[in-house]
file query_16.txt (compact mmCIF, C-alpha atoms)
# COMPACT_ATOMS: atom_id res chain seq x y z
CA MET M 11 30.37 0.98 47.99
CA ARG M 12 32.46 -0.33 45.08
CA ILE M 13 29.67 -2.74 44.11
CA LYS M 14 27.15 0.13 44.04
CA ARG M 15 29.50 2.21 41.86
CA ARG M 16 30.00 -0.70 39.48
CA MET M 17 26.26 -1.30 39.30
CA GLY M 18 25.71 2.39 38.61
CA THR M 19 28.33 2.32 35.85
CA VAL M 20 26.74 -0.80 34.32
CA CYS M 21 23.32 0.83 34.39
CA MET M 22 24.68 3.98 32.71
CA ILE M 23 26.37 1.93 30.00
CA LEU M 24 23.25 -0.18 29.47
CA GLY M 25 21.10 2.94 29.31
CA THR M 26 23.42 4.50 26.74
CA VAL M 27 23.36 1.32 24.63
CA LEU M 28 19.55 1.24 24.72
CA VAL M 29 19.31 4.90 23.71
CA LEU M 30 21.74 4.36 20.84
CA ALA M 31 19.81 1.26 19.73
CA ALA M 32 16.53 3.21 19.78
CA LEU M 33 18.10 6.04 17.78
CA SER M 34 19.52 3.55 15.29
CA LEU M 35 16.11 1.91 14.86
CA PHE M 36 14.44 5.30 14.45
CA TRP M 37 17.00 6.33 11.83
CA ARG M 38 16.54 3.04 9.97
CA ASN M 39 12.75 3.44 9.96
CA CYS M 40 13.09 6.99 8.63
CA GLN M 41 15.44 5.76 5.92
CA GLU M 42 13.06 2.95 4.91
CA ASP M 43 10.17 5.42 4.88
CA GLU M 44 12.07 7.75 2.55
CA GLU M 45 13.17 4.91 0.26
CA ALA M 46 9.63 3.51 0.08
CA GLY M 47 8.22 6.91 -0.80
CA ALA M 48 10.85 7.41 -3.48
CA SER M 49 10.20 3.96 -4.97
CA ALA M 50 6.45 4.53 -5.22
CA GLU M 51 7.01 8.01 -6.62
CA ARG M 52 9.27 6.60 -9.35
CA ILE M 53 6.89 3.78 -10.32
CA LEU M 54 3.65 5.81 -10.33
CA PRO M 55 4.36 7.78 -13.56
CA ILE M 56 5.18 4.52 -15.35
CA VAL M 57 1.86 2.96 -14.31
CA LYS M 58 0.02 6.13 -15.30
CA GLY M 59 1.97 6.28 -18.54
CA TYR M 60 0.85 2.79 -19.47
CA ILE M 61 -2.79 3.68 -18.82
CA GLU M 62 -2.56 6.89 -20.83
CA ASP M 63 -0.51 5.45 -23.73
CA SER M 64 -2.29 2.10 -23.92
CA GLY M 65 -5.36 1.50 -21.77
CA LEU M 66 -8.32 0.72 -24.02
CA ASN M 67 -6.61 2.11 -27.11
CA GLY M 68 -4.45 -0.96 -27.80
CA ALA M 69 -1.21 1.01 -28.13
CA GLN M 70 2.17 -0.35 -27.07
CA GLY M 71 2.04 1.28 -23.65
CA ASP M 72 4.77 2.92 -21.59
CA ARG M 73 8.29 2.07 -22.74
CA PHE M 74 9.37 1.17 -19.20
CA VAL M 75 6.77 -1.64 -18.97
CA GLU M 76 8.53 -4.96 -19.47
CA SER M 77 5.47 -7.14 -20.16
CA VAL M 78 1.68 -7.01 -20.04
CA HIS M 79 -0.68 -9.69 -18.72
CA PRO M 80 -4.19 -8.78 -19.97
CA ALA M 81 -7.25 -9.80 -17.98
CA THR M 82 -8.96 -12.74 -19.68
CA VAL M 83 -12.62 -12.26 -20.56
CA ASP M 84 -13.52 -15.97 -20.48
CA GLY M 85 -11.36 -16.90 -17.52
CA ASP M 86 -11.36 -15.80 -13.90
CA PRO M 87 -13.96 -12.99 -13.53
CA SER M 88 -11.74 -11.35 -10.91
CA ALA M 89 -8.68 -11.22 -13.18
CA MET M 90 -7.14 -7.79 -13.67
CA THR M 91 -4.66 -6.60 -16.27
CA GLU M 92 -1.10 -6.57 -14.91
CA VAL M 93 2.08 -4.89 -16.11
CA GLU M 94 5.62 -5.82 -15.16
CA ILE M 95 7.94 -3.03 -14.01
CA ASP M 96 11.38 -3.71 -12.53
CA GLY M 97 10.51 -7.39 -12.24
CA SER M 98 7.28 -6.83 -10.25
CA LEU M 99 3.65 -6.86 -11.40
CA TYR M 100 1.28 -3.90 -10.87
CA ILE M 101 -2.51 -3.67 -11.27
CA GLY M 102 -3.12 0.11 -11.18
CA TYR M 103 -2.92 2.96 -8.72
CA LEU M 104 -4.78 4.24 -5.66
CA SER M 105 -5.72 7.88 -5.06
CA VAL M 106 -6.48 9.20 -1.56
CA PRO M 107 -7.17 12.96 -1.83
CA ALA M 108 -7.61 13.44 1.93
CA LEU M 109 -3.99 12.37 2.45
CA GLY M 110 -2.62 13.83 -0.77
CA LEU M 111 -1.55 10.35 -1.88
CA GLU M 112 -1.35 8.58 -5.22
CA LEU M 113 0.31 5.17 -5.01
CA PRO M 114 0.99 2.34 -7.48
CA ILE M 115 -0.45 -1.01 -6.35
CA MET M 116 1.44 -4.27 -6.77
CA ALA M 117 -0.44 -7.36 -7.95
CA ASP M 118 0.84 -9.64 -5.17
CA TRP M 119 2.18 -9.09 -1.70
CA ASP M 120 5.11 -10.15 0.42
CA TYR M 121 7.20 -8.23 2.94
CA GLU M 122 9.86 -7.25 0.42
CA ARG M 123 7.29 -5.88 -2.04
CA LEU M 124 5.64 -3.89 0.76
CA ARG M 125 8.89 -1.96 1.16
CA ILE M 126 8.43 -0.67 -2.41
CA ALA M 127 4.69 0.01 -2.74
CA PRO M 128 1.29 -1.04 -1.37
CA CYS M 129 0.21 -4.51 -2.51
CA ARG M 130 -2.99 -6.36 -3.29
CA TYR M 131 -3.56 -8.68 -0.35
CA THR M 132 -6.52 -10.43 -1.94
CA GLY M 133 -9.56 -9.80 -4.16
CA SER M 134 -10.26 -7.60 -7.16
CA VAL M 135 -12.10 -4.41 -8.14
CA LYS M 136 -14.11 -6.53 -10.56
CA THR M 137 -15.60 -8.66 -7.79
CA ASP M 138 -15.89 -5.82 -5.24
CA ASP M 139 -13.64 -7.43 -2.65
CA LEU M 140 -10.24 -5.80 -3.16
CA VAL M 141 -7.98 -5.70 -0.08
CA ILE M 142 -4.80 -3.60 -0.20
CA ALA M 143 -1.99 -3.79 2.35
CA ALA M 144 0.84 -1.33 2.96
CA HIS M 145 3.44 -0.50 5.57
CA ASN M 146 2.72 2.39 7.93
CA TYR M 147 5.29 4.59 6.22
CA SER M 148 4.22 8.22 6.20
CA ARG M 149 4.22 8.18 2.37
CA HIS M 150 2.27 4.92 2.18
CA PHE M 151 -0.58 4.06 4.63
CA GLY M 152 0.75 5.76 7.76
CA GLY M 153 -2.09 8.31 7.69
CA ILE M 154 -5.13 6.09 7.20
CA SER M 155 -5.74 5.90 10.95
CA GLN M 156 -6.85 9.56 10.71
CA PHE M 157 -9.95 8.64 8.69
CA SER M 158 -13.28 9.15 10.41
CA GLY M 159 -15.62 8.19 7.54
CA GLY M 160 -16.83 9.83 4.35
CA GLU M 161 -13.39 10.26 2.77
CA ASP M 162 -13.16 9.54 -0.96
CA VAL M 163 -10.82 6.86 -2.30
CA TYR M 164 -10.25 6.02 -5.96
CA PHE M 165 -8.69 3.05 -7.71
CA THR M 166 -7.73 3.20 -11.39
CA ASP M 167 -6.94 -0.11 -13.08
CA LEU M 168 -4.68 -0.66 -16.08
CA ASP M 169 -7.63 -0.75 -18.47
CA GLY M 170 -8.31 2.88 -17.61
CA MET M 171 -11.34 2.16 -15.43
CA ARG M 172 -11.72 4.37 -12.36
CA TYR M 173 -13.60 3.00 -9.33
CA CYS M 174 -14.92 5.41 -6.69
CA TYR M 175 -15.26 4.54 -3.01
CA GLN M 176 -16.10 6.16 0.32
CA VAL M 177 -14.72 5.25 3.73
CA VAL M 178 -17.51 3.82 5.88
CA LYS M 179 -15.64 2.28 8.82
CA VAL M 180 -12.27 2.29 10.55
CA GLU M 181 -11.46 -0.59 12.86
CA THR M 182 -8.53 -2.27 14.54
CA LEU M 183 -7.99 -6.00 13.96
CA GLU M 184 -5.58 -8.48 15.45
CA PRO M 185 -2.74 -9.66 13.16
CA ALA M 186 -4.19 -13.18 13.07
CA ALA M 187 -7.66 -12.02 11.95
CA VAL M 188 -7.13 -13.13 8.35
CA GLU M 189 -10.74 -14.09 7.62
CA GLU M 190 -12.07 -10.83 9.06
CA MET M 191 -9.59 -8.86 6.95
CA SER M 192 -10.61 -10.47 3.67
CA ALA M 193 -14.33 -10.74 4.37
CA GLY M 194 -16.31 -9.95 1.20
CA LYS M 195 -18.72 -7.59 2.95
CA TYR M 196 -16.79 -4.49 1.85
CA ASP M 197 -15.96 -3.40 -1.69
CA LEU M 198 -12.49 -2.11 -0.75
CA THR M 199 -10.34 -2.55 2.35
CA LEU M 200 -7.07 -0.77 3.14
CA PHE M 201 -4.93 -1.87 6.06
CA THR M 202 -1.58 -1.31 7.71
CA CYS M 203 0.12 -2.43 10.90
CA THR M 204 0.28 -0.18 13.93
CA TYR M 205 3.75 0.74 15.18
CA GLY M 206 5.26 -2.37 16.69
CA GLY M 207 2.92 -4.62 14.70
CA ALA M 208 0.57 -5.31 17.61
CA SER M 209 -2.57 -4.77 15.49
CA ARG M 210 -3.83 -3.62 12.09
CA VAL M 211 -5.55 -0.36 11.29
CA THR M 212 -8.27 -1.37 8.84
CA VAL M 213 -10.23 1.03 6.64
CA ARG M 214 -13.44 -0.27 5.06
CA CYS M 215 -14.86 1.35 1.93
CA GLU M 216 -18.02 0.99 -0.10
CA ARG M 217 -18.25 1.72 -3.78
CA SER M 218 -19.86 5.07 -4.51
CA GLY M 219 -19.74 4.87 -8.29
CA SER M 220 -19.46 2.29 -11.08
CA GLY M 221 -16.19 1.75 -12.84
CA VAL M 222 -15.89 4.32 -15.61
CA ASN M 223 -13.25 5.08 -18.19
CA LYS M 224 -10.84 7.51 -16.54
CA ASP M 225 -10.50 9.73 -19.62
CA ALA M 226 -14.29 10.02 -19.94
CA ASN M 227 -14.59 10.75 -16.22
CA ASP M 228 -11.99 13.53 -16.42
CA ASN M 229 -13.84 15.34 -19.20
call {"tool": "encode", "arguments": {"input": "query_16.txt", "output": "structure tokens"}}
result
Amino acid sequence: MRIKRRMGTVCMILGTVLVLAALSLFWRNCQEDEEAGASAERILPIVKGYIEDSGLNGAQGDRFVESVHPATVDGDPSAMTEVEIDGSLYIGYLSVPALGLELPIMADWDYERLRIAPCRYTGSVKTDDLVIAAHNYSRHFGGISQFSGGEDVYFTDLDGMRYCYQVVKVETLEPAAVEEMSAGKYDLTLFTCTYGGASRVTVRCERSGSGVNKDANDN
């Protein structure tokens, strides 16, 4: 009888510990989600400010931009203009009207950068093979699994060129499917991990309009 009571007590304690651990993980995820959203929200006006103040006009650009790396005409045809903000490089911003999102896009990716904003995984808008990765935070790419096709997506680069896309396919890929993720068949790919990281929600887009000057497009 005593052994059964002890086992019952151990099970209760273990259950309590597991519940507390789950709650702690949930709270941490919520905190990271909020911090990521706040970081992207703070950076976005700076990226937009650079485009509006500089862009094709040759002005000095936003005062919060630390340095500018212009795309080279005679060099890599995929090269995009980059600006440095808070020690990280950005290449423009993504607009997803269906989700009410506008997000700055970092030039390079790693797991620390993904906690701040979505990142270019590979490719370029200039060679129609841009792949963008983001965490599944609610204020980043957490909602892209809702796409069914036909949704509009826009990318505006730092030279003020706006590229228009439409979602044509949503698929789930294994984490190790690197070649499939970066395949050049699609003009734009967005992806994020599912909860737990077991697979990747992958949104494929085709270009629906040529790159045009954003200011001209808005008029």
call {"tool": "closest_atom_pairs", "arguments": {"input": "query_16.txt", "of": "segment 116-224 of chain M", "to": "segment 52-58 of chain M", "cutoff": "12 Å", "atoms": "all atoms listed in the file", "output": "tab-separated table"}}
result
residue	atom	partner	partner_atom	distance
M:Met116	CA	M:Ile53	CA	10.3
M:Ile126	CA	M:Ile53	CA	9.2
M:Ala127	CA	M:Ile53	CA	8.7
M:Pro128	CA	M:Leu54	CA	11.5
M:Phe165	CA	M:Lys58	CA	12.0
M:Thr166	CA	M:Lys58	CA	9.2
M:Asp167	CA	M:Val57	CA	9.4
M:Leu168	CA	M:Val57	CA	7.7
M:Asp169	CA	M:Lys58	CA	10.8
M:Gly170	CA	M:Lys58	CA	9.2
M:Lys224	CA	M:Lys58	CA	11.0
call {"tool": "write_last_selection", "arguments": {"input": "query_16.txt", "atoms": "C-alpha atoms", "output": "JSON list (two decimals), in the frame of the given file"}}
result
[["chain", "number", "residue", "atom", "x", "y", "z"],
["M", 116, "MET", "CA", 1.44, -4.27, -6.77],
["M", 126, "ILE", "CA", 8.43, -0.67, -2.41],
["M", 127, "ALA", "CA", 4.69, 0.01, -2.74],
["M", 128, "PRO", "CA", 1.29, -1.04, -1.37],
["M", 165, "PHE", "CA", -8.69, 3.05, -7.71],
["M", 166, "THR", "CA", -7.73, 3.20, -11.39],
["M", 167, "ASP", "CA", -6.94, -0.11, -13.08],
["M", 168, "LEU", "CA", -4.68, -0.66, -16.08],
["M", 169, "ASP", "CA", -7.63, -0.75, -18.47],
["M", 170, "GLY", "CA", -8.31, 2.88, -17.61],
["M", 224, "LYS", "CA", -10.84, 7.51, -16.54]]
call {"tool": "closest_residue", "arguments": {"input": "query_16.txt", "among": "M:Gly85, M:Pro80, M:Gly59, M:Gly102", "to": "Val135 of chain M", "atoms": "only C-alpha atoms"}}
result
M:Gly102
call {"tool": "atom_distance", "arguments": {"input": "query_16.txt", "atom1": "atom CA of Ser148 of chain M", "atom2": "atom CA of Thr212 of chain M"}}
result
16.0 Å
call {"tool": "closest_residue", "arguments": {"input": "query_16.txt", "among": "M:Ser134, M:Ser49, M:Ser158, M:Thr199", "to": "Ile101 of chain M", "atoms": "all atoms listed in the file"}}
result
M:Ser134
call {"tool": "residues_around", "arguments": {"input": "query_16.txt", "residues": "Val106 of chain M", "least_positions_apart": "3", "cutoff": "6 Å", "atoms": "all atoms listed in the file", "output": "list of chain:residue names"}}
result
M:Leu109, M:Leu111, M:Val163
call {"tool": "atom_distance", "arguments": {"input": "query_16.txt", "atom1": "atom CA of Met171 of chain M", "atom2": "atom CA of Glu216 of chain M"}}
result
16.8 Å
call {"tool": "build_atoms", "arguments": {"input": "query_16.txt", "residues": "segment 162-179 of chain M", "atoms": "N, CA, C and O atoms", "output": "PDB file, keeping the file's coordinate frame"}}
result
ATOM      1  N   ASP M 162     -13.130  10.160   0.358  1.00  0.00           N
ATOM      2  CA  ASP M 162     -13.160   9.540  -0.960  1.00  0.00           C
ATOM      3  C   ASP M 162     -11.850   8.804  -1.239  1.00  0.00           C
ATOM      4  O   ASP M 162     -10.768   9.283  -0.885  1.00  0.00           O
ATOM      5  N   VAL M 163     -11.974   7.655  -1.880  1.00  0.00           N
ATOM      6  CA  VAL M 163     -10.820   6.860  -2.300  1.00  0.00           C
ATOM      7  C   VAL M 163     -11.105   6.385  -3.723  1.00  0.00           C
ATOM      8  O   VAL M 163     -12.237   6.009  -4.042  1.00  0.00           O
ATOM      9  N   TYR M 164     -10.073   6.418  -4.567  1.00  0.00           N
ATOM     10  CA  TYR M 164     -10.250   6.020  -5.960  1.00  0.00           C
ATOM     11  C   TYR M 164      -9.200   4.972  -6.340  1.00  0.00           C
ATOM     12  O   TYR M 164      -8.045   5.058  -5.916  1.00  0.00           O
ATOM     13  N   PHE M 165      -9.632   4.015  -7.143  1.00  0.00           N
ATOM     14  CA  PHE M 165      -8.690   3.050  -7.710  1.00  0.00           C
ATOM     15  C   PHE M 165      -8.841   3.051  -9.215  1.00  0.00           C
ATOM     16  O   PHE M 165      -9.948   2.910  -9.737  1.00  0.00           O
ATOM     17  N   THR M 166      -7.726   3.215  -9.926  1.00  0.00           N
ATOM     18  CA  THR M 166      -7.730   3.200 -11.390  1.00  0.00           C
ATOM     19  C   THR M 166      -6.958   1.985 -11.859  1.00  0.00           C
ATOM     20  O   THR M 166      -5.780   1.818 -11.514  1.00  0.00           O
ATOM     21  N   ASP M 167      -7.627   1.095 -12.620  1.00  0.00           N
ATOM     22  CA  ASP M 167      -6.940  -0.110 -13.080  1.00  0.00           C
ATOM     23  C   ASP M 167      -6.225   0.154 -14.403  1.00  0.00           C
ATOM     24  O   ASP M 167      -6.310   1.263 -14.974  1.00  0.00           O
ATOM     25  N   LEU M 168      -5.520  -0.838 -14.897  1.00  0.00           N
ATOM     26  CA  LEU M 168      -4.680  -0.660 -16.080  1.00  0.00           C
ATOM     27  C   LEU M 168      -5.467  -0.619 -17.378  1.00  0.00           C
ATOM     28  O   LEU M 168      -4.914  -0.315 -18.430  1.00  0.00           O
ATOM     29  N   ASP M 169      -6.761  -0.899 -17.313  1.00  0.00           N
ATOM     30  CA  ASP M 169      -7.630  -0.750 -18.470  1.00  0.00           C
ATOM     31  C   ASP M 169      -8.259   0.635 -18.522  1.00  0.00           C
ATOM     32  O   ASP M 169      -9.142   0.900 -19.339  1.00  0.00           O
ATOM     33  N   GLY M 170      -7.815   1.512 -17.621  1.00  0.00           N
ATOM     34  CA  GLY M 170      -8.310   2.880 -17.610  1.00  0.00           C
ATOM     35  C   GLY M 170      -9.634   3.061 -16.909  1.00  0.00           C
ATOM     36  O   GLY M 170     -10.269   4.111 -17.039  1.00  0.00           O
ATOM     37  N   MET M 171     -10.079   2.071 -16.141  1.00  0.00           N
ATOM     38  CA  MET M 171     -11.340   2.160 -15.430  1.00  0.00           C
ATOM     39  C   MET M 171     -11.102   2.703 -14.014  1.00  0.00           C
ATOM     40  O   MET M 171     -10.255   2.183 -13.273  1.00  0.00           O
ATOM     41  N   ARG M 172     -11.860   3.741 -13.667  1.00  0.00           N
ATOM     42  CA  ARG M 172     -11.720   4.370 -12.360  1.00  0.00           C
ATOM     43  C   ARG M 172     -12.893   3.987 -11.463  1.00  0.00           C
ATOM     44  O   ARG M 172     -14.048   4.196 -11.812  1.00  0.00           O
ATOM     45  N   TYR M 173     -12.583   3.440 -10.289  1.00  0.00           N
ATOM     46  CA  TYR M 173     -13.600   3.000  -9.330  1.00  0.00           C
ATOM     47  C   TYR M 173     -13.599   3.952  -8.138  1.00  0.00           C
ATOM     48  O   TYR M 173     -12.538   4.270  -7.587  1.00  0.00           O
ATOM     49  N   CYS M 174     -14.788   4.405  -7.755  1.00  0.00           N
ATOM     50  CA  CYS M 174     -14.920   5.410  -6.690  1.00  0.00           C
ATOM     51  C   CYS M 174     -15.465   4.759  -5.419  1.00  0.00           C
ATOM     52  O   CYS M 174     -16.417   3.977  -5.478  1.00  0.00           O
ATOM     53  N   TYR M 175     -14.864   5.113  -4.290  1.00  0.00           N
ATOM     54  CA  TYR M 175     -15.260   4.540  -3.010  1.00  0.00           C
ATOM     55  C   TYR M 175     -15.365   5.629  -1.947  1.00  0.00           C
ATOM     56  O   TYR M 175     -14.810   6.727  -2.107  1.00  0.00           O
ATOM     57  N   GLN M 176     -16.063   5.299  -0.862  1.00  0.00           N
ATOM     58  CA  GLN M 176     -16.100   6.160   0.320  1.00  0.00           C
ATOM     59  C   GLN M 176     -15.792   5.329   1.553  1.00  0.00           C
ATOM     60  O   GLN M 176     -16.244   4.185   1.678  1.00  0.00           O
ATOM     61  N   VAL M 177     -15.026   5.923   2.466  1.00  0.00           N
ATOM     62  CA  VAL M 177     -14.720   5.250   3.730  1.00  0.00           C
ATOM     63  C   VAL M 177     -15.989   5.184   4.580  1.00  0.00           C
ATOM     64  O   VAL M 177     -16.655   6.200   4.793  1.00  0.00           O
ATOM     65  N   VAL M 178     -16.315   3.992   5.062  1.00  0.00           N
ATOM     66  CA  VAL M 178     -17.510   3.820   5.880  1.00  0.00           C
ATOM     67  C   VAL M 178     -17.192   3.335   7.295  1.00  0.00           C
ATOM     68  O   VAL M 178     -18.031   3.424   8.198  1.00  0.00           O
ATOM     69  N   LYS M 179     -15.974   2.831   7.495  1.00  0.00           N
ATOM     70  CA  LYS M 179     -15.640   2.280   8.820  1.00  0.00           C
ATOM     71  C   LYS M 179     -14.135   2.186   8.984  1.00  0.00           C
ATOM     72  O   LYS M 179     -13.422   1.844   8.044  1.00  0.00           O
TER      73      LYS M 179
END
